[in-house]
$ cat model20.cif   # mmCIF, C-alpha atoms
data_work
loop_
_atom_site.label_atom_id
_atom_site.label_comp_id
_atom_site.auth_asym_id
_atom_site.auth_seq_id
_atom_site.Cartn_x
_atom_site.Cartn_y
_atom_site.Cartn_z
CA MET A 198 -7.14 15.52 -26.93
CA THR A 199 -6.84 12.86 -29.54
CA PRO A 200 -8.87 13.31 -32.74
CA GLU A 201 -11.61 11.05 -31.36
CA GLY A 202 -11.94 13.29 -28.30
CA GLU A 203 -10.62 10.59 -25.96
CA LEU A 204 -7.65 11.02 -23.69
CA ALA A 205 -4.57 8.97 -24.43
CA GLY A 206 -4.65 5.46 -22.97
CA ILE A 207 -2.25 3.39 -20.96
CA GLU A 208 0.60 1.84 -22.91
CA VAL A 209 2.80 -0.96 -21.62
CA LEU A 210 6.23 -1.64 -23.05
CA VAL A 211 7.79 -4.90 -21.88
CA GLU A 212 11.48 -4.34 -22.44
CA ALA A 213 12.73 -7.16 -20.18
CA GLU A 214 11.47 -10.59 -21.22
CA ALA A 215 11.72 -11.77 -17.61
CA TRP A 216 8.53 -9.82 -16.87
CA GLU A 217 6.55 -11.81 -19.43
CA GLY A 218 8.03 -15.07 -18.19
CA SER A 219 7.12 -14.21 -14.60
CA ARG A 220 3.35 -14.22 -15.06
CA PRO A 221 1.02 -14.45 -18.01
CA HIS A 222 -0.66 -11.17 -18.87
CA ILE A 223 1.67 -9.10 -16.69
CA GLY A 224 0.90 -6.08 -18.87
CA ASP A 225 -2.82 -6.45 -18.14
CA LEU A 226 -2.09 -6.44 -14.39
CA ALA A 227 -0.07 -3.25 -14.80
CA VAL A 228 -2.84 -1.55 -16.80
CA ARG A 229 -5.51 -2.52 -14.26
CA ALA A 230 -3.37 -1.12 -11.43
CA ALA A 231 -2.78 2.13 -13.34
CA GLU A 232 -6.48 2.49 -14.15
CA ALA A 233 -7.40 1.87 -10.50
CA ALA A 234 -4.88 4.48 -9.34
CA LEU A 235 -6.18 7.06 -11.80
CA SER A 236 -9.75 6.36 -10.77
CA ALA A 237 -8.94 6.58 -7.05
CA ALA A 238 -7.16 9.90 -7.63
CA GLY A 239 -10.05 11.21 -9.74
CA VAL A 240 -7.78 11.82 -12.71
CA ARG A 241 -8.07 10.94 -16.38
CA GLY A 242 -5.11 10.78 -18.73
CA GLY A 243 -2.63 8.64 -20.56
CA LEU A 244 0.64 7.17 -19.46
CA ALA A 245 3.26 4.63 -20.39
CA ILE A 246 4.55 1.82 -18.21
CA LEU A 247 8.01 0.44 -18.96
CA LEU A 248 8.68 -3.04 -17.58
CA ALA A 249 12.46 -3.13 -17.75
CA ASP A 250 15.39 -4.73 -15.97
CA ASP A 251 17.75 -3.48 -13.29
CA ALA A 252 20.32 -2.30 -15.81
CA ARG A 253 17.80 -0.04 -17.56
CA LEU A 254 16.46 1.39 -14.28
CA ALA A 255 20.03 2.01 -13.12
CA GLU A 256 20.61 4.03 -16.31
CA LEU A 257 17.43 6.04 -15.79
CA ASN A 258 18.12 6.53 -12.08
CA LEU A 259 21.57 7.92 -12.82
CA ALA A 260 20.46 10.08 -15.76
CA PHE A 261 17.42 11.64 -14.09
CA ARG A 262 18.08 11.45 -10.34
CA SER A 263 21.90 11.33 -10.23
CA LYS A 264 21.67 8.18 -8.12
CA ALA A 265 23.77 5.10 -8.85
CA GLY A 266 22.14 1.69 -9.11
CA PRO A 267 18.67 0.40 -9.90
CA THR A 268 15.51 1.19 -7.98
CA ASN A 269 12.15 -0.55 -8.01
CA VAL A 270 10.06 2.16 -9.69
CA LEU A 271 10.61 5.57 -11.25
CA SER A 272 7.96 8.10 -12.26
CA PHE A 273 8.46 10.78 -14.88
CA PRO A 274 5.60 13.30 -14.80
CA ALA A 275 4.92 15.04 -18.11
CA PRO A 276 4.49 18.79 -18.34
CA GLU A 277 0.89 19.89 -18.78
CA ASN A 278 -0.27 19.16 -22.31
CA PRO A 279 -3.53 19.25 -24.29
CA GLU A 280 -3.34 15.50 -25.00
CA GLY A 281 -3.78 14.60 -21.32
CA TRP A 282 -0.47 12.71 -21.20
CA LEU A 283 0.50 12.26 -17.55
CA GLY A 284 3.96 10.75 -17.96
CA ASP A 285 5.84 7.49 -17.67
CA VAL A 286 6.41 4.87 -14.98
CA ALA A 287 9.31 2.39 -15.17
CA LEU A 288 9.87 -0.76 -13.09
CA ALA A 289 12.94 -2.99 -12.67
CA PHE A 290 12.27 -6.73 -12.78
CA GLU A 291 15.13 -8.03 -10.65
CA THR A 292 14.64 -5.44 -7.93
CA CYS A 293 10.88 -5.98 -7.84
CA ARG A 294 11.26 -9.77 -7.74
CA ARG A 295 13.88 -9.57 -4.97
CA GLU A 296 11.72 -7.20 -2.90
CA ALA A 297 8.64 -9.40 -3.34
CA GLU A 298 10.57 -12.48 -2.21
CA THR A 299 12.15 -10.67 0.75
CA GLN A 300 8.79 -9.23 1.84
CA GLY A 301 6.90 -12.50 1.31
CA LYS A 302 4.65 -11.00 -1.36
CA ARG A 303 3.47 -12.33 -4.69
CA LEU A 304 5.30 -10.61 -7.55
CA GLU A 305 2.06 -9.61 -9.26
CA HIS A 306 0.83 -7.89 -6.08
CA HIS A 307 4.12 -6.05 -5.71
CA LEU A 308 3.93 -5.00 -9.36
CA GLN A 309 0.42 -3.68 -8.86
CA HIS A 310 1.51 -1.77 -5.76
CA LEU A 311 4.49 -0.18 -7.49
CA VAL A 312 2.48 0.73 -10.59
CA ALA A 313 -0.19 2.37 -8.42
CA HIS A 314 2.54 4.12 -6.41
CA GLY A 315 4.22 5.38 -9.57
CA VAL A 316 0.96 6.59 -11.09
CA LEU A 317 0.07 8.45 -7.91
CA HIS A 318 3.41 10.26 -8.20
CA LEU A 319 2.50 11.23 -11.77
CA VAL A 320 -0.66 12.92 -10.56
CA GLY A 321 0.97 14.85 -7.73
CA TYR A 322 1.06 12.61 -4.67
CA ASP A 323 4.27 12.26 -2.70
CA HIS A 324 5.50 10.83 0.58
CA GLU A 325 8.05 13.42 1.68
CA GLY A 326 6.23 14.41 4.88
CA ASP A 327 4.42 12.17 7.35
CA ALA A 328 0.96 13.51 6.49
CA ASP A 329 1.56 13.18 2.74
CA ALA A 330 2.96 9.66 3.22
CA ALA A 331 -0.05 8.61 5.29
CA GLU A 332 -2.45 9.98 2.66
CA MET A 333 -0.62 8.30 -0.22
CA GLU A 334 -0.26 4.96 1.60
CA ALA A 335 -3.96 4.93 2.55
CA LEU A 336 -4.90 5.51 -1.09
CA GLU A 337 -2.54 2.74 -2.22
CA VAL A 338 -4.10 0.31 0.28
CA LYS A 339 -7.58 1.21 -1.03
CA ILE A 340 -6.48 0.77 -4.65
CA LEU A 341 -4.88 -2.59 -3.98
CA ALA A 342 -7.88 -3.86 -2.00
CA GLY A 343 -10.01 -3.08 -5.05
CA LEU A 344 -7.63 -5.19 -7.13
CA GLY A 345 -7.76 -8.08 -4.67
CA ALA A 346 -4.19 -7.50 -3.48
CA PRO A 347 -3.20 -7.38 0.19
CA ASP A 348 -2.17 -4.29 2.10
CA PRO A 349 1.50 -3.75 1.19
CA TYR A 350 2.16 -1.95 4.48
CA ALA A 351 0.62 -4.55 6.81
CA ALA A 352 3.96 -6.10 7.80
CA GLU A 353 5.41 -2.68 8.66
CA ARG A 354 2.49 -2.12 11.05
CA GLY A 355 2.78 -5.64 12.47
CA ASP A 356 -0.56 -6.63 10.90
CA HIS A 357 0.10 -9.90 9.11
CA GLY A 358 -3.44 -10.50 7.92
CA GLN A 359 -3.62 -10.66 4.14
CA LEU A 360 -6.43 -10.92 1.63
#
$ encode --input "model20.cif" --output "structure tokens"
Amino acid sequence: MTPEGELAGIEVLVEAEAWEGSRPHIGDLAVRAAEAALSAAGVRGGLAILLADDARLAELNLAFRSKAGPTNVLSFPAPENPEGWLGDVALAFETCRREAETQGKRLEHHLQHLVAHGVLHLVGYDHEGDADAAEMEALEVKILAGLGAPDPYAAERGDHGQL
């Protein structure tokens, strides 16, 4: 716990200027998505969100997952701690932008989805098995609906209706 008795908050570090140029208040969108994910999961705690570029995510992906190349989002859960720090989430601008364009999504909606996805990983959700994936995806859809963002899995199901 912090001296005031409050859990650590949500910090956003914009390392790649392209994120800020993409949308005004991109950090606020990321914070709202993280808060919504924590609320939906029934968890309180602090975390950091790194809005970086492909080069930085490629470095992190290689260093921590032994995988070459960038990825859209990485989550780094923290060990249990008295401060309530949950961990870190990092996103790659170029990969996220490319995915959003390819999938016909608005970048800010894709950002919110990936932040929520990353935060859910921090608090123990995964998508390794079919049942776990279905549970996690359903929670993501609920979170995004609350943020006014469309279902990110609608196209995969053949449902093209969007909010």
$ axis_aligned_box --input "model20.cif" --around "segment 320-329 of chain A" --padding-each-side "5 Å" --output "lines of an AutoDock Vina configuration file"
center_x = 3.7
center_y = 12.8
center_z = -1.6
size_x = 18.7
size_y = 14.0
size_z = 27.9
$ resolve_selection --input "model20.cif" --expression "the PyMOL selection byres ((chain A and resi 272) around 7)" --output "list in words"
Val270, Leu271, Phe273, Pro274, Asp285, Val286, Ala287, Gly315, His318 and Leu319 of chain A
$ resolve_selection --input "model20.cif" --expression "the PyMOL selection byres ((chain A and resi 247) around 8)" --output "PyMOL selection string"
chain A and resi 209-212+245-246+248-249+285-288
$ atom_distance --input "model20.cif" --atom1 "atom CA of Gly242 of chain A" --atom2 "atom CA of Ala328 of chain A"
26.1 Å
$ resolve_selection --input "model20.cif" --expression "the PyMOL selection byres ((chain A and resi 206) around 10)" --output "PyMOL selection string"
chain A and resi 203-205+207-209+228+232+241-245+281-282
$ residues_around --input "model20.cif" --residues "Arg294 of chain A" --least-positions-apart "2" --cutoff "9 Å" --atoms "all atoms listed in the file" --output "MDAnalysis selection string"
chainID A and resid 289:292 296:299 303:304 307:308
$ atom_distance --input "model20.cif" --atom1 "atom CA of Ala231 of chain A" --atom2 "atom CA of Asp329 of chain A"
20.0 Å
$ atom_distance --input "model20.cif" --atom1 "atom CA of Ala352 of chain A" --atom2 "atom CA of Glu325 of chain A"
20.9 Å
$ closest_residue --input "model20.cif" --among "A:Gly224, A:Pro267, A:Leu317, A:Gly301" --to "Glu337 of chain A" --atoms "all atoms listed in the file"
A:Leu317
$ closest_residue --input "model20.cif" --among "A:Asp251, A:Asp225, A:Asp327, A:Glu214" --to "Asn269 of chain A" --atoms "all atoms listed in the file"
A:Asp251
$ residues_around --input "model20.cif" --residues "Leu336 of chain A" --least-positions-apart "2" --cutoff "12 Å" --atoms "all atoms listed in the file" --output "NGL selection string"
:A and (233-239 or 310 or 313-314 or 316-318 or 322-324 or 329-334 or 338-343 or 348-350)
$ closest_residue --input "model20.cif" --among "A:Val320, A:Ala346, A:Val240, A:Gln309" --to "Leu226 of chain A" --atoms "only C-alpha atoms"
A:Gln309
$ closest_residue --input "model20.cif" --among "A:Ala255, A:Ala213, A:Ala335, A:Cys293" --to "Ala351 of chain A" --atoms "only C-alpha atoms"
A:Ala335
$ closest_residue --input "model20.cif" --among "A:Gly326, A:Pro279, A:Gly284, A:Gly345" --to "Arg229 of chain A" --atoms "all atoms listed in the file"
A:Gly345
$ build_atoms --input "model20.cif" --residues "segment 322-333 of chain A" --atoms "all heavy atoms" --output "PDB file, in the coordinates of the input"
ATOM      1  N   TYR A 322       0.877  13.106  -6.036  1.00  0.00           N
ATOM      2  CA  TYR A 322       1.060  12.610  -4.670  1.00  0.00           C
ATOM      3  C   TYR A 322       2.536  12.410  -4.387  1.00  0.00           C
ATOM      4  O   TYR A 322       3.321  12.103  -5.278  1.00  0.00           O
ATOM      5  CB  TYR A 322       0.331  11.270  -4.479  1.00  0.00           C
ATOM      6  CG  TYR A 322      -1.167  11.422  -4.382  1.00  0.00           C
ATOM      7  CD1 TYR A 322      -1.946  11.482  -5.533  1.00  0.00           C
ATOM      8  CD2 TYR A 322      -1.801  11.494  -3.147  1.00  0.00           C
ATOM      9  CE1 TYR A 322      -3.326  11.622  -5.456  1.00  0.00           C
ATOM     10  CE2 TYR A 322      -3.175  11.629  -3.059  1.00  0.00           C
ATOM     11  CZ  TYR A 322      -3.936  11.696  -4.220  1.00  0.00           C
ATOM     12  OH  TYR A 322      -5.294  11.826  -4.141  1.00  0.00           O
ATOM     13  N   ASP A 323       2.908  12.583  -3.106  1.00  0.00           N
ATOM     14  CA  ASP A 323       4.270  12.260  -2.700  1.00  0.00           C
ATOM     15  C   ASP A 323       4.250  11.764  -1.268  1.00  0.00           C
ATOM     16  O   ASP A 323       3.201  11.740  -0.627  1.00  0.00           O
ATOM     17  CB  ASP A 323       5.238  13.433  -2.889  1.00  0.00           C
ATOM     18  CG  ASP A 323       4.995  14.585  -1.936  1.00  0.00           C
ATOM     19  OD1 ASP A 323       4.913  14.348  -0.715  1.00  0.00           O
ATOM     20  OD2 ASP A 323       4.904  15.736  -2.392  1.00  0.00           O
ATOM     21  N   HIS A 324       5.394  11.381  -0.775  1.00  0.00           N
ATOM     22  CA  HIS A 324       5.500  10.830   0.580  1.00  0.00           C
ATOM     23  C   HIS A 324       6.683  11.444   1.307  1.00  0.00           C
ATOM     24  O   HIS A 324       7.344  10.786   2.098  1.00  0.00           O
ATOM     25  CB  HIS A 324       5.581   9.299   0.556  1.00  0.00           C
ATOM     26  CG  HIS A 324       6.493   8.756  -0.493  1.00  0.00           C
ATOM     27  ND1 HIS A 324       7.866   8.670  -0.334  1.00  0.00           N
ATOM     28  CD2 HIS A 324       6.230   8.288  -1.732  1.00  0.00           C
ATOM     29  CE1 HIS A 324       8.392   8.163  -1.431  1.00  0.00           C
ATOM     30  NE2 HIS A 324       7.427   7.927  -2.300  1.00  0.00           N
ATOM     31  N   GLU A 325       6.919  12.730   1.046  1.00  0.00           N
ATOM     32  CA  GLU A 325       8.050  13.420   1.680  1.00  0.00           C
ATOM     33  C   GLU A 325       7.773  13.698   3.157  1.00  0.00           C
ATOM     34  O   GLU A 325       8.634  13.525   3.991  1.00  0.00           O
ATOM     35  CB  GLU A 325       8.367  14.712   0.933  1.00  0.00           C
ATOM     36  CG  GLU A 325       8.871  14.482  -0.482  1.00  0.00           C
ATOM     37  CD  GLU A 325      10.103  13.612  -0.566  1.00  0.00           C
ATOM     38  OE1 GLU A 325      11.048  13.820   0.221  1.00  0.00           O
ATOM     39  OE2 GLU A 325      10.119  12.700  -1.409  1.00  0.00           O
ATOM     40  N   GLY A 326       6.594  14.141   3.481  1.00  0.00           N
ATOM     41  CA  GLY A 326       6.230  14.410   4.880  1.00  0.00           C
ATOM     42  C   GLY A 326       5.344  13.308   5.417  1.00  0.00           C
ATOM     43  O   GLY A 326       4.748  12.537   4.654  1.00  0.00           O
ATOM     44  N   ASP A 327       5.224  13.228   6.726  1.00  0.00           N
ATOM     45  CA  ASP A 327       4.420  12.170   7.350  1.00  0.00           C
ATOM     46  C   ASP A 327       2.965  12.212   6.915  1.00  0.00           C
ATOM     47  O   ASP A 327       2.368  11.172   6.629  1.00  0.00           O
ATOM     48  CB  ASP A 327       4.510  12.268   8.880  1.00  0.00           C
ATOM     49  CG  ASP A 327       5.875  11.857   9.416  1.00  0.00           C
ATOM     50  OD1 ASP A 327       6.656  11.217   8.670  1.00  0.00           O
ATOM     51  OD2 ASP A 327       6.167  12.183  10.586  1.00  0.00           O
ATOM     52  N   ALA A 328       2.371  13.393   6.873  1.00  0.00           N
ATOM     53  CA  ALA A 328       0.960  13.510   6.490  1.00  0.00           C
ATOM     54  C   ALA A 328       0.755  13.098   5.033  1.00  0.00           C
ATOM     55  O   ALA A 328      -0.197  12.378   4.711  1.00  0.00           O
ATOM     56  CB  ALA A 328       0.453  14.928   6.722  1.00  0.00           C
ATOM     57  N   ASP A 329       1.658  13.543   4.156  1.00  0.00           N
ATOM     58  CA  ASP A 329       1.560  13.180   2.740  1.00  0.00           C
ATOM     59  C   ASP A 329       1.755  11.675   2.565  1.00  0.00           C
ATOM     60  O   ASP A 329       1.058  11.037   1.772  1.00  0.00           O
ATOM     61  CB  ASP A 329       2.610  13.929   1.913  1.00  0.00           C
ATOM     62  CG  ASP A 329       2.295  15.413   1.782  1.00  0.00           C
ATOM     63  OD1 ASP A 329       1.123  15.804   1.943  1.00  0.00           O
ATOM     64  OD2 ASP A 329       3.238  16.182   1.512  1.00  0.00           O
ATOM     65  N   ALA A 330       2.707  11.104   3.303  1.00  0.00           N
ATOM     66  CA  ALA A 330       2.960   9.660   3.220  1.00  0.00           C
ATOM     67  C   ALA A 330       1.737   8.880   3.684  1.00  0.00           C
ATOM     68  O   ALA A 330       1.341   7.900   3.047  1.00  0.00           O
ATOM     69  CB  ALA A 330       4.186   9.290   4.040  1.00  0.00           C
ATOM     70  N   ALA A 331       1.129   9.308   4.767  1.00  0.00           N
ATOM     71  CA  ALA A 331      -0.050   8.610   5.290  1.00  0.00           C
ATOM     72  C   ALA A 331      -1.202   8.678   4.277  1.00  0.00           C
ATOM     73  O   ALA A 331      -1.898   7.672   4.056  1.00  0.00           O
ATOM     74  CB  ALA A 331      -0.476   9.220   6.621  1.00  0.00           C
ATOM     75  N   GLU A 332      -1.394   9.834   3.663  1.00  0.00           N
ATOM     76  CA  GLU A 332      -2.450   9.980   2.660  1.00  0.00           C
ATOM     77  C   GLU A 332      -2.195   9.087   1.449  1.00  0.00           C
ATOM     78  O   GLU A 332      -3.089   8.388   0.969  1.00  0.00           O
ATOM     79  CB  GLU A 332      -2.546  11.444   2.217  1.00  0.00           C
ATOM     80  CG  GLU A 332      -3.603  11.686   1.160  1.00  0.00           C
ATOM     81  CD  GLU A 332      -3.640  13.121   0.658  1.00  0.00           C
ATOM     82  OE1 GLU A 332      -2.691  13.898   0.916  1.00  0.00           O
ATOM     83  OE2 GLU A 332      -4.625  13.458  -0.026  1.00  0.00           O
ATOM     84  N   MET A 333      -0.965   9.099   0.955  1.00  0.00           N
ATOM     85  CA  MET A 333      -0.620   8.300  -0.220  1.00  0.00           C
ATOM     86  C   MET A 333      -0.729   6.811   0.089  1.00  0.00           C
ATOM     87  O   MET A 333      -1.276   6.047  -0.708  1.00  0.00           O
ATOM     88  CB  MET A 333       0.778   8.664  -0.712  1.00  0.00           C
ATOM     89  CG  MET A 333       1.151   8.035  -2.030  1.00  0.00           C
ATOM     90  SD  MET A 333       2.735   8.726  -2.609  1.00  0.00           S
ATOM     91  CE  MET A 333       2.937   7.812  -4.131  1.00  0.00           C
TER      92      MET A 333
END
